[in-house]
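Next up, work.tsv (TSV, N, CA and C atoms):
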chain	number	residue	atom	x	y	z
A	1	MET	N	-2.45	-10.64	-2.15
A	1	MET	CA	-2.95	-11.36	-0.99
A	1	MET	C	-3.90	-10.43	-0.25
A	2	GLU	N	-5.07	-10.98	0.09
A	2	GLU	CA	-6.08	-10.13	0.71
A	2	GLU	C	-7.05	-10.99	1.52
A	3	ILE	N	-7.48	-10.44	2.66
A	3	ILE	CA	-8.53	-11.04	3.48
A	3	ILE	C	-9.54	-9.92	3.75
A	4	LYS	N	-10.79	-10.18	3.40
A	4	LYS	CA	-11.80	-9.13	3.57
A	4	LYS	C	-13.07	-9.73	4.18
A	5	THR	N	-13.53	-9.11	5.27
A	5	THR	CA	-14.80	-9.49	5.88
A	5	THR	C	-15.59	-8.20	6.14
A	6	GLU	N	-16.76	-8.35	6.74
A	6	GLU	CA	-17.55	-7.17	7.08
A	6	GLU	C	-16.85	-6.30	8.12
A	7	LYS	N	-16.06	-6.93	8.99
A	7	LYS	CA	-15.48	-6.21	10.13
A	7	LYS	C	-14.03	-5.74	9.92
A	8	TYR	N	-13.31	-6.40	9.03
A	8	TYR	CA	-11.92	-6.01	8.83
A	8	TYR	C	-11.46	-6.31	7.40
A	9	HIS	N	-10.34	-5.67	7.06
A	9	HIS	CA	-9.74	-5.85	5.73
A	9	HIS	C	-8.23	-5.85	5.90
A	10	ILE	N	-7.58	-6.83	5.33
A	10	ILE	CA	-6.11	-6.94	5.38
A	10	ILE	C	-5.64	-7.21	3.96
A	11	CYS	N	-4.70	-6.40	3.50
A	11	CYS	CA	-4.17	-6.64	2.16
A	11	CYS	C	-2.67	-6.38	2.12
A	12	TYR	N	-2.03	-7.08	1.20
A	12	TYR	CA	-0.58	-6.96	1.02
A	12	TYR	C	-0.31	-6.34	-0.33
A	13	ASP	N	0.47	-5.26	-0.32
A	13	ASP	CA	0.91	-4.60	-1.55
A	13	ASP	C	2.37	-5.00	-1.78
A	14	ARG	N	2.57	-5.84	-2.77
A	14	ARG	CA	3.91	-6.38	-3.04
A	14	ARG	C	4.91	-5.27	-3.41
A	15	GLU	N	4.46	-4.26	-4.15
A	15	GLU	CA	5.36	-3.19	-4.59
A	15	GLU	C	5.95	-2.41	-3.42
A	16	THR	N	5.14	-2.15	-2.41
A	16	THR	CA	5.62	-1.37	-1.26
A	16	THR	C	5.97	-2.26	-0.07
A	17	ALA	N	5.76	-3.57	-0.21
A	17	ALA	CA	5.99	-4.54	0.87
A	17	ALA	C	5.22	-4.15	2.12
A	18	THR	N	3.98	-3.69	1.92
A	18	THR	CA	3.14	-3.21	3.03
A	18	THR	C	1.92	-4.10	3.22
A	19	VAL	N	1.73	-4.52	4.47
A	19	VAL	CA	0.50	-5.21	4.85
A	19	VAL	C	-0.35	-4.18	5.58
A	20	SER	N	-1.51	-3.84	5.02
A	20	SER	CA	-2.39	-2.84	5.61
A	20	SER	C	-3.58	-3.51	6.29
A	21	PHE	N	-3.85	-3.07	7.51
A	21	PHE	CA	-4.96	-3.58	8.30
A	21	PHE	C	-5.96	-2.46	8.50
A	22	SER	N	-7.26	-2.76	8.40
A	22	SER	CA	-8.28	-1.76	8.72
A	22	SER	C	-9.47	-2.47	9.36
A	23	GLY	N	-10.25	-1.69	10.10
A	23	GLY	CA	-11.43	-2.24	10.75
A	23	GLY	C	-11.18	-2.62	12.18
A	24	SER	N	-11.80	-3.73	12.60
A	24	SER	CA	-11.74	-4.17	13.98
A	24	SER	C	-11.51	-5.68	14.02
A	25	LEU	N	-10.45	-6.10	14.70
A	25	LEU	CA	-10.12	-7.53	14.81
A	25	LEU	C	-10.46	-8.00	16.22
A	26	ARG	N	-11.58	-8.71	16.33
A	26	ARG	CA	-12.05	-9.25	17.61
A	26	ARG	C	-12.25	-10.75	17.49
A	27	LEU	N	-11.31	-11.42	16.86
A	27	LEU	CA	-11.41	-12.86	16.66
A	27	LEU	C	-11.02	-13.58	17.94
A	28	SER	N	-11.55	-14.79	18.11
A	28	SER	CA	-11.24	-15.50	19.35
A	28	SER	C	-10.25	-16.63	19.10
A	29	GLY	N	-9.05	-16.40	19.54
A	29	GLY	CA	-8.03	-17.43	19.55
A	29	GLY	C	-7.26	-17.63	18.25
A	30	PRO	N	-6.19	-18.41	18.36
A	30	PRO	CA	-5.29	-18.65	17.23
A	30	PRO	C	-5.98	-19.28	16.02
A	31	GLU	N	-6.99	-20.12	16.24
A	31	GLU	CA	-7.66	-20.77	15.12
A	31	GLU	C	-8.30	-19.74	14.20
A	32	GLU	N	-9.00	-18.77	14.80
A	32	GLU	CA	-9.68	-17.76	13.98
A	32	GLU	C	-8.69	-16.80	13.33
A	33	TYR	N	-7.53	-16.64	13.95
A	33	TYR	CA	-6.49	-15.76	13.38
A	33	TYR	C	-5.64	-16.49	12.33
A	34	GLN	N	-5.86	-17.78	12.14
A	34	GLN	CA	-5.02	-18.57	11.24
A	34	GLN	C	-4.91	-18.00	9.82
A	35	PRO	N	-6.00	-17.54	9.18
A	35	PRO	CA	-5.84	-16.98	7.83
A	35	PRO	C	-4.90	-15.76	7.81
A	36	ILE	N	-4.96	-14.95	8.85
A	36	ILE	CA	-4.09	-13.76	8.93
A	36	ILE	C	-2.65	-14.20	9.19
A	37	THR	N	-2.49	-15.17	10.08
A	37	THR	CA	-1.16	-15.72	10.36
A	37	THR	C	-0.55	-16.29	9.08
A	38	GLN	N	-1.37	-16.97	8.28
A	38	GLN	CA	-0.89	-17.54	7.01
A	38	GLN	C	-0.47	-16.44	6.05
A	39	LEU	N	-1.28	-15.38	5.95
A	39	LEU	CA	-0.94	-14.27	5.06
A	39	LEU	C	0.39	-13.64	5.50
A	40	LEU	N	0.56	-13.40	6.80
A	40	LEU	CA	1.81	-12.82	7.29
A	40	LEU	C	2.99	-13.76	7.04
A	41	GLY	N	2.76	-15.05	7.21
A	41	GLY	CA	3.81	-16.03	6.92
A	41	GLY	C	4.22	-16.02	5.46
A	42	ASP	N	3.22	-15.90	4.58
A	42	ASP	CA	3.52	-15.82	3.14
A	42	ASP	C	4.32	-14.56	2.82
A	43	VAL	N	3.98	-13.45	3.48
A	43	VAL	CA	4.73	-12.21	3.28
A	43	VAL	C	6.17	-12.39	3.76
A	44	ALA	N	6.33	-13.01	4.92
A	44	ALA	CA	7.67	-13.23	5.47
A	44	ALA	C	8.52	-14.11	4.56
A	45	ASP	N	7.87	-15.00	3.81
A	45	ASP	CA	8.61	-15.91	2.93
A	45	ASP	C	9.03	-15.26	1.61
A	46	THR	N	8.50	-14.07	1.32
A	46	THR	CA	8.93	-13.38	0.10
A	46	THR	C	10.35	-12.88	0.31
A	47	GLN	N	11.07	-12.74	-0.75
A	47	GLN	CA	12.46	-12.28	-0.65
A	47	GLN	C	12.50	-10.76	-0.68
A	48	THR	N	12.07	-10.15	0.40
A	48	THR	CA	12.04	-8.69	0.49
A	48	THR	C	12.98	-8.23	1.60
A	49	GLU	N	13.49	-7.03	1.47
A	49	GLU	CA	14.42	-6.49	2.47
A	49	GLU	C	13.67	-5.71	3.54
A	50	LYS	N	12.38	-5.42	3.29
A	50	LYS	CA	11.62	-4.67	4.28
A	50	LYS	C	10.18	-5.15	4.27
A	51	ILE	N	9.56	-5.05	5.42
A	51	ILE	CA	8.14	-5.33	5.55
A	51	ILE	C	7.54	-4.22	6.41
A	52	ILE	N	6.46	-3.64	5.93
A	52	ILE	CA	5.76	-2.60	6.68
A	52	ILE	C	4.40	-3.15	7.07
A	53	LEU	N	4.08	-3.05	8.36
A	53	LEU	CA	2.73	-3.36	8.83
A	53	LEU	C	2.05	-2.02	9.09
A	54	ASN	N	1.06	-1.69	8.29
A	54	ASN	CA	0.35	-0.42	8.46
A	54	ASN	C	-0.94	-0.70	9.23
A	55	LEU	N	-0.94	-0.29	10.50
A	55	LEU	CA	-2.09	-0.53	11.38
A	55	LEU	C	-2.88	0.75	11.65
A	56	GLN	N	-2.57	1.81	10.92
A	56	GLN	CA	-3.18	3.11	11.20
A	56	GLN	C	-4.70	3.10	11.15
A	57	GLN	N	-5.28	2.26	10.31
A	57	GLN	CA	-6.75	2.20	10.18
A	57	GLN	C	-7.36	1.05	10.99
A	58	LEU	N	-6.55	0.39	11.83
A	58	LEU	CA	-7.07	-0.71	12.65
A	58	LEU	C	-7.57	-0.13	13.97
A	59	GLU	N	-8.88	-0.05	14.10
A	59	GLU	CA	-9.49	0.60	15.25
A	59	GLU	C	-9.39	-0.22	16.53
A	60	PHE	N	-9.41	-1.54	16.40
A	60	PHE	CA	-9.37	-2.39	17.59
A	60	PHE	C	-8.63	-3.69	17.28
A	61	LEU	N	-7.83	-4.13	18.24
A	61	LEU	CA	-7.14	-5.41	18.14
A	61	LEU	C	-7.16	-6.03	19.53
A	62	ASN	N	-7.80	-7.20	19.66
A	62	ASN	CA	-7.90	-7.82	20.98
A	62	ASN	C	-6.60	-8.52	21.36
A	63	SER	N	-6.59	-9.11	22.55
A	63	SER	CA	-5.35	-9.73	23.05
A	63	SER	C	-4.90	-10.89	22.17
A	64	SER	N	-5.84	-11.64	21.59
A	64	SER	CA	-5.45	-12.73	20.68
A	64	SER	C	-4.75	-12.17	19.44
A	65	GLY	N	-5.22	-11.02	18.96
A	65	GLY	CA	-4.59	-10.37	17.80
A	65	GLY	C	-3.22	-9.83	18.14
A	66	ILE	N	-3.08	-9.26	19.32
A	66	ILE	CA	-1.77	-8.75	19.75
A	66	ILE	C	-0.80	-9.93	19.88
A	67	SER	N	-1.28	-11.05	20.38
A	67	SER	CA	-0.45	-12.25	20.49
A	67	SER	C	-0.01	-12.73	19.11
A	68	MET	N	-0.93	-12.71	18.14
A	68	MET	CA	-0.61	-13.11	16.77
A	68	MET	C	0.47	-12.20	16.18
A	69	LEU	N	0.31	-10.89	16.36
A	69	LEU	CA	1.33	-9.95	15.86
A	69	LEU	C	2.67	-10.17	16.56
A	70	SER	N	2.61	-10.40	17.86
A	70	SER	CA	3.84	-10.63	18.63
A	70	SER	C	4.60	-11.85	18.12
A	71	LYS	N	3.87	-12.92	17.85
A	71	LYS	CA	4.51	-14.14	17.33
A	71	LYS	C	5.13	-13.89	15.96
A	72	PHE	N	4.45	-13.08	15.14
A	72	PHE	CA	5.00	-12.74	13.82
A	72	PHE	C	6.31	-11.95	13.98
A	73	ILE	N	6.32	-10.97	14.89
A	73	ILE	CA	7.52	-10.17	15.14
A	73	ILE	C	8.66	-11.07	15.61
A	74	ILE	N	8.36	-12.00	16.50
A	74	ILE	CA	9.38	-12.93	17.01
A	74	ILE	C	9.94	-13.77	15.86
A	75	GLU	N	9.07	-14.24	14.96
A	75	GLU	CA	9.54	-15.00	13.80
A	75	GLU	C	10.44	-14.14	12.91
A	76	MET	N	10.10	-12.88	12.77
A	76	MET	CA	10.88	-11.98	11.91
A	76	MET	C	12.28	-11.70	12.48
A	77	ARG	N	12.45	-11.87	13.76
A	77	ARG	CA	13.79	-11.72	14.35
A	77	ARG	C	14.77	-12.72	13.74
A	78	LYS	N	14.25	-13.84	13.28
A	78	LYS	CA	15.09	-14.88	12.69
A	78	LYS	C	15.55	-14.51	11.29
A	79	LYS	N	15.07	-13.39	10.77
A	79	LYS	CA	15.45	-12.92	9.43
A	79	LYS	C	16.15	-11.57	9.57
A	80	PRO	N	17.42	-11.58	9.97
A	80	PRO	CA	18.12	-10.33	10.26
A	80	PRO	C	18.26	-9.40	9.07
A	81	GLY	N	18.12	-9.90	7.86
A	81	GLY	CA	18.25	-9.05	6.68
A	81	GLY	C	16.99	-8.28	6.33
A	82	VAL	N	15.92	-8.49	7.11
A	82	VAL	CA	14.64	-7.82	6.81
A	82	VAL	C	14.39	-6.71	7.83
A	83	GLN	N	14.16	-5.50	7.33
A	83	GLN	CA	13.83	-4.36	8.18
A	83	GLN	C	12.31	-4.32	8.38
A	84	MET	N	11.88	-4.39	9.62
A	84	MET	CA	10.45	-4.36	9.95
A	84	MET	C	10.06	-2.97	10.44
A	85	THR	N	8.95	-2.46	9.91
A	85	THR	CA	8.39	-1.20	10.36
A	85	THR	C	6.91	-1.42	10.67
A	86	VAL	N	6.48	-0.89	11.81
A	86	VAL	CA	5.06	-0.92	12.16
A	86	VAL	C	4.59	0.52	12.20
A	87	GLN	N	3.57	0.82	11.40
A	87	GLN	CA	3.00	2.16	11.36
A	87	GLN	C	1.68	2.16	12.11
A	88	GLY	N	1.54	3.12	13.02
A	88	GLY	CA	0.31	3.22	13.79
A	88	GLY	C	-0.18	4.65	13.84
A	89	SER	N	-1.27	4.84	14.54
A	89	SER	CA	-1.89	6.15	14.65
A	89	SER	C	-2.00	6.56	16.10
A	90	LYS	N	-1.57	7.78	16.41
A	90	LYS	CA	-1.69	8.30	17.77
A	90	LYS	C	-3.15	8.47	18.17
A	91	SER	N	-4.02	8.61	17.19
A	91	SER	CA	-5.43	8.85	17.51
A	91	SER	C	-6.21	7.56	17.80
A	92	VAL	N	-5.57	6.40	17.65
A	92	VAL	CA	-6.21	5.14	18.00
A	92	VAL	C	-5.63	4.70	19.34
A	93	ALA	N	-6.48	4.72	20.37
A	93	ALA	CA	-6.02	4.58	21.76
A	93	ALA	C	-5.10	3.39	22.03
A	94	TRP	N	-5.43	2.21	21.56
A	94	TRP	CA	-4.66	1.02	21.91
A	94	TRP	C	-3.27	1.00	21.29
A	95	GLN	N	-3.08	1.74	20.20
A	95	GLN	CA	-1.84	1.59	19.44
A	95	GLN	C	-0.61	2.19	20.12
A	96	GLY	N	-0.75	3.32	20.76
A	96	GLY	CA	0.41	3.98	21.38
A	96	GLY	C	1.20	3.07	22.29
A	97	LYS	N	0.52	2.42	23.23
A	97	LYS	CA	1.21	1.56	24.19
A	97	LYS	C	1.55	0.20	23.59
A	98	SER	N	0.59	-0.42	22.95
A	98	SER	CA	0.78	-1.79	22.46
A	98	SER	C	1.85	-1.90	21.38
A	99	LEU	N	1.89	-0.95	20.46
A	99	LEU	CA	2.86	-1.04	19.38
A	99	LEU	C	4.28	-0.80	19.88
A	100	LYS	N	4.45	0.11	20.82
A	100	LYS	CA	5.79	0.33	21.39
A	100	LYS	C	6.30	-0.93	22.08
A	101	ASN	N	5.39	-1.69	22.69
A	101	ASN	CA	5.79	-2.92	23.39
A	101	ASN	C	6.37	-3.95	22.43
A	102	LEU	N	6.00	-3.89	21.16
A	102	LEU	CA	6.55	-4.84	20.18
A	102	LEU	C	8.06	-4.67	20.02
A	103	GLN	N	8.57	-3.47	20.32
A	103	GLN	CA	10.02	-3.24	20.22
A	103	GLN	C	10.79	-4.06	21.25
A	104	ARG	N	10.12	-4.45	22.33
A	104	ARG	CA	10.79	-5.29	23.32
A	104	ARG	C	11.07	-6.67	22.73
A	105	LEU	N	10.22	-7.08	21.80
A	105	LEU	CA	10.38	-8.39	21.15
A	105	LEU	C	11.42	-8.35	20.05
A	106	MET	N	11.54	-7.18	19.42
A	106	MET	CA	12.49	-7.01	18.31
A	106	MET	C	13.05	-5.59	18.38
A	107	PRO	N	14.18	-5.41	19.07
A	107	PRO	CA	14.72	-4.06	19.27
A	107	PRO	C	14.96	-3.29	17.95
A	108	ALA	N	15.21	-3.98	16.85
A	108	ALA	CA	15.46	-3.30	15.58
A	108	ALA	C	14.16	-2.85	14.90
A	109	LEU	N	13.02	-3.23	15.47
A	109	LEU	CA	11.73	-2.85	14.89
A	109	LEU	C	11.56	-1.33	14.94
A	110	VAL	N	11.12	-0.78	13.82
A	110	VAL	CA	10.83	0.65	13.75
A	110	VAL	C	9.34	0.84	13.96
A	111	VAL	N	8.96	1.65	14.94
A	111	VAL	CA	7.55	1.96	15.19
A	111	VAL	C	7.33	3.43	14.87
A	112	GLU	N	6.43	3.68	13.95
A	112	GLU	CA	6.11	5.05	13.53
A	112	GLU	C	4.66	5.35	13.91
A	113	LEU	N	4.48	6.28	14.84
A	113	LEU	CA	3.13	6.70	15.22
A	113	LEU	C	2.88	8.12	14.69
A	114	VAL	N	1.88	8.26	13.86
A	114	VAL	CA	1.57	9.57	13.27
A	114	VAL	C	0.19	10.02	13.67

Can I see the file as structure tokens?
Amino acid sequence: MEIKTEKYHICYDRETATVSFSGSLRLSGPEEYQPITQLLGDVADTQTEKIILNLQQLEFLNSSGISMLSKFIIEMRKKPGVQMTVQGSKSVAWQGKSLKNLQRLMPALVVELV
């Protein structure tokens, strides 16, 4: 599963159960985020015990994107057998604060900032 444009790239590696994001996500509203929401939904529907969201190469994510990620995290709370990990980068300004806030939505969420 993969979504690739000039501005961003999102791909799912089934072997590692990792969804990797890179580039800049400045889409406007839920409609434009729908393909990404669909990809995340498809990942959630796989019978995996863990899902990793690797955001280390995602330079920018607007409020609509943060909302999309938040809704995905909330949906994942309904799957208690799945361990969620979000990987971020300390060198990307928005990630430090925003990614930690996702733990409020899902206390079992593991946030790794490197």

Quick one: which stretch 50-71 of chain A residues come within 5 Å of stretch 16-28 of chain A, and what is the nearest atom pair for each with the distance in Å to one decimal, counting all atoms listed in the file, rows ordered by chain and ascending number, as CSV?
residue,atom,partner,partner_atom,distance
A:Ile51,CA,A:Ala17,C,4.7
A:Ile52,C,A:Val19,N,4.0
A:Leu53,CA,A:Val19,C,4.6
A:Asn54,N,A:Val19,C,3.9
A:Leu55,CA,A:Phe21,N,5.0
A:Gln57,C,A:Ser22,CA,3.7
A:Leu58,N,A:Ser22,CA,4.2
A:Glu59,N,A:Gly23,C,3.9
A:Phe60,C,A:Leu25,N,4.0
A:Leu61,CA,A:Leu25,C,4.6
A:Asn62,N,A:Leu25,C,4.4

| said: Considering only C-alpha atoms, can you say which of A:Ser63, A:Ser91, A:Thr46, A:Gln83 comes closest to A:Met106? | reply: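 Counting only C-alpha atoms, the residue closest to A:Met106 is A:Gln83.
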
| Pick the closest to A:Gly29 from A:Pro80, A:Gly41, A:Pro107, A:Gly65: which is it, counting all atoms listed in the file? | A:Gly65

| Long-range neighbours of A:Pro30 as a VMD selection string, 7 Å cut-off, only C-alpha atoms, 3 positions minimum in chain | chain A and resid 33 to 34 64

| request: Determine which residues of chain A DSSP labels as helix (DSSP H, G or I) from the backbone of this structure, then write them out as a PyMOL selection string. | output: chain A and resi 29-45+63-76+93-105

| task | Taking the chain letters and numbering used in this document, name the residues of stretch 16-96 of chain A that DSSP puts in strand (DSSP E), as a PyMOL selection string. | result | chain A and resi 18-25+50-61+83-88

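Shortest atom-to-atom contact with A:Thr85 among A:Lys50, A:Lys71, A:Arg104, A:Lys97: A:Lys50, counting only N, CA and C atoms.
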
| field | Given all atoms listed in the file as the counted atoms, nearest of A:Glu75, A:Glu31, A:Glu112, A:Glu2 to A:Lys90 | value |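 Closest to A:Lys90, using all atoms listed in the file: A:Glu112.
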
| field | Two-atom distance - atom C of A:Met1, atom C of A:Leu39 (Å) | value |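 Atom C of A:Leu39 lies at a distance of 7.9 Å from atom C of A:Met1.
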
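What separates atom C of A:Leu113 from atom C of A:Ile36 is a distance of 23.6 Å.
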
| field | Within 10 Å of A:Val114 using only C-alpha atoms, minus same-chain residues under 6 positions, as a PyMOL selection string | value | chain A and resi 56+87-91+96

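Checking A:Thr37, A:Met84, A:Val111, A:Trp94 one by one against A:Met68, counting only N, CA and C atoms, you find the shortest gap at A:Thr37.
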
| Two-atom distance - atom CA of A:Ala44, atom N of A:Phe72 (Å) |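 Atom N of A:Phe72 lies at a distance of 10.2 Å from atom CA of A:Ala44.
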
| task | Identify which of the residues A:Ser70, A:Asp13, A:Val82, A:Ala108 lies closest to A:Asp45, counting only C-alpha atoms when measuring atom-to-atom distances. | result | A:Val82
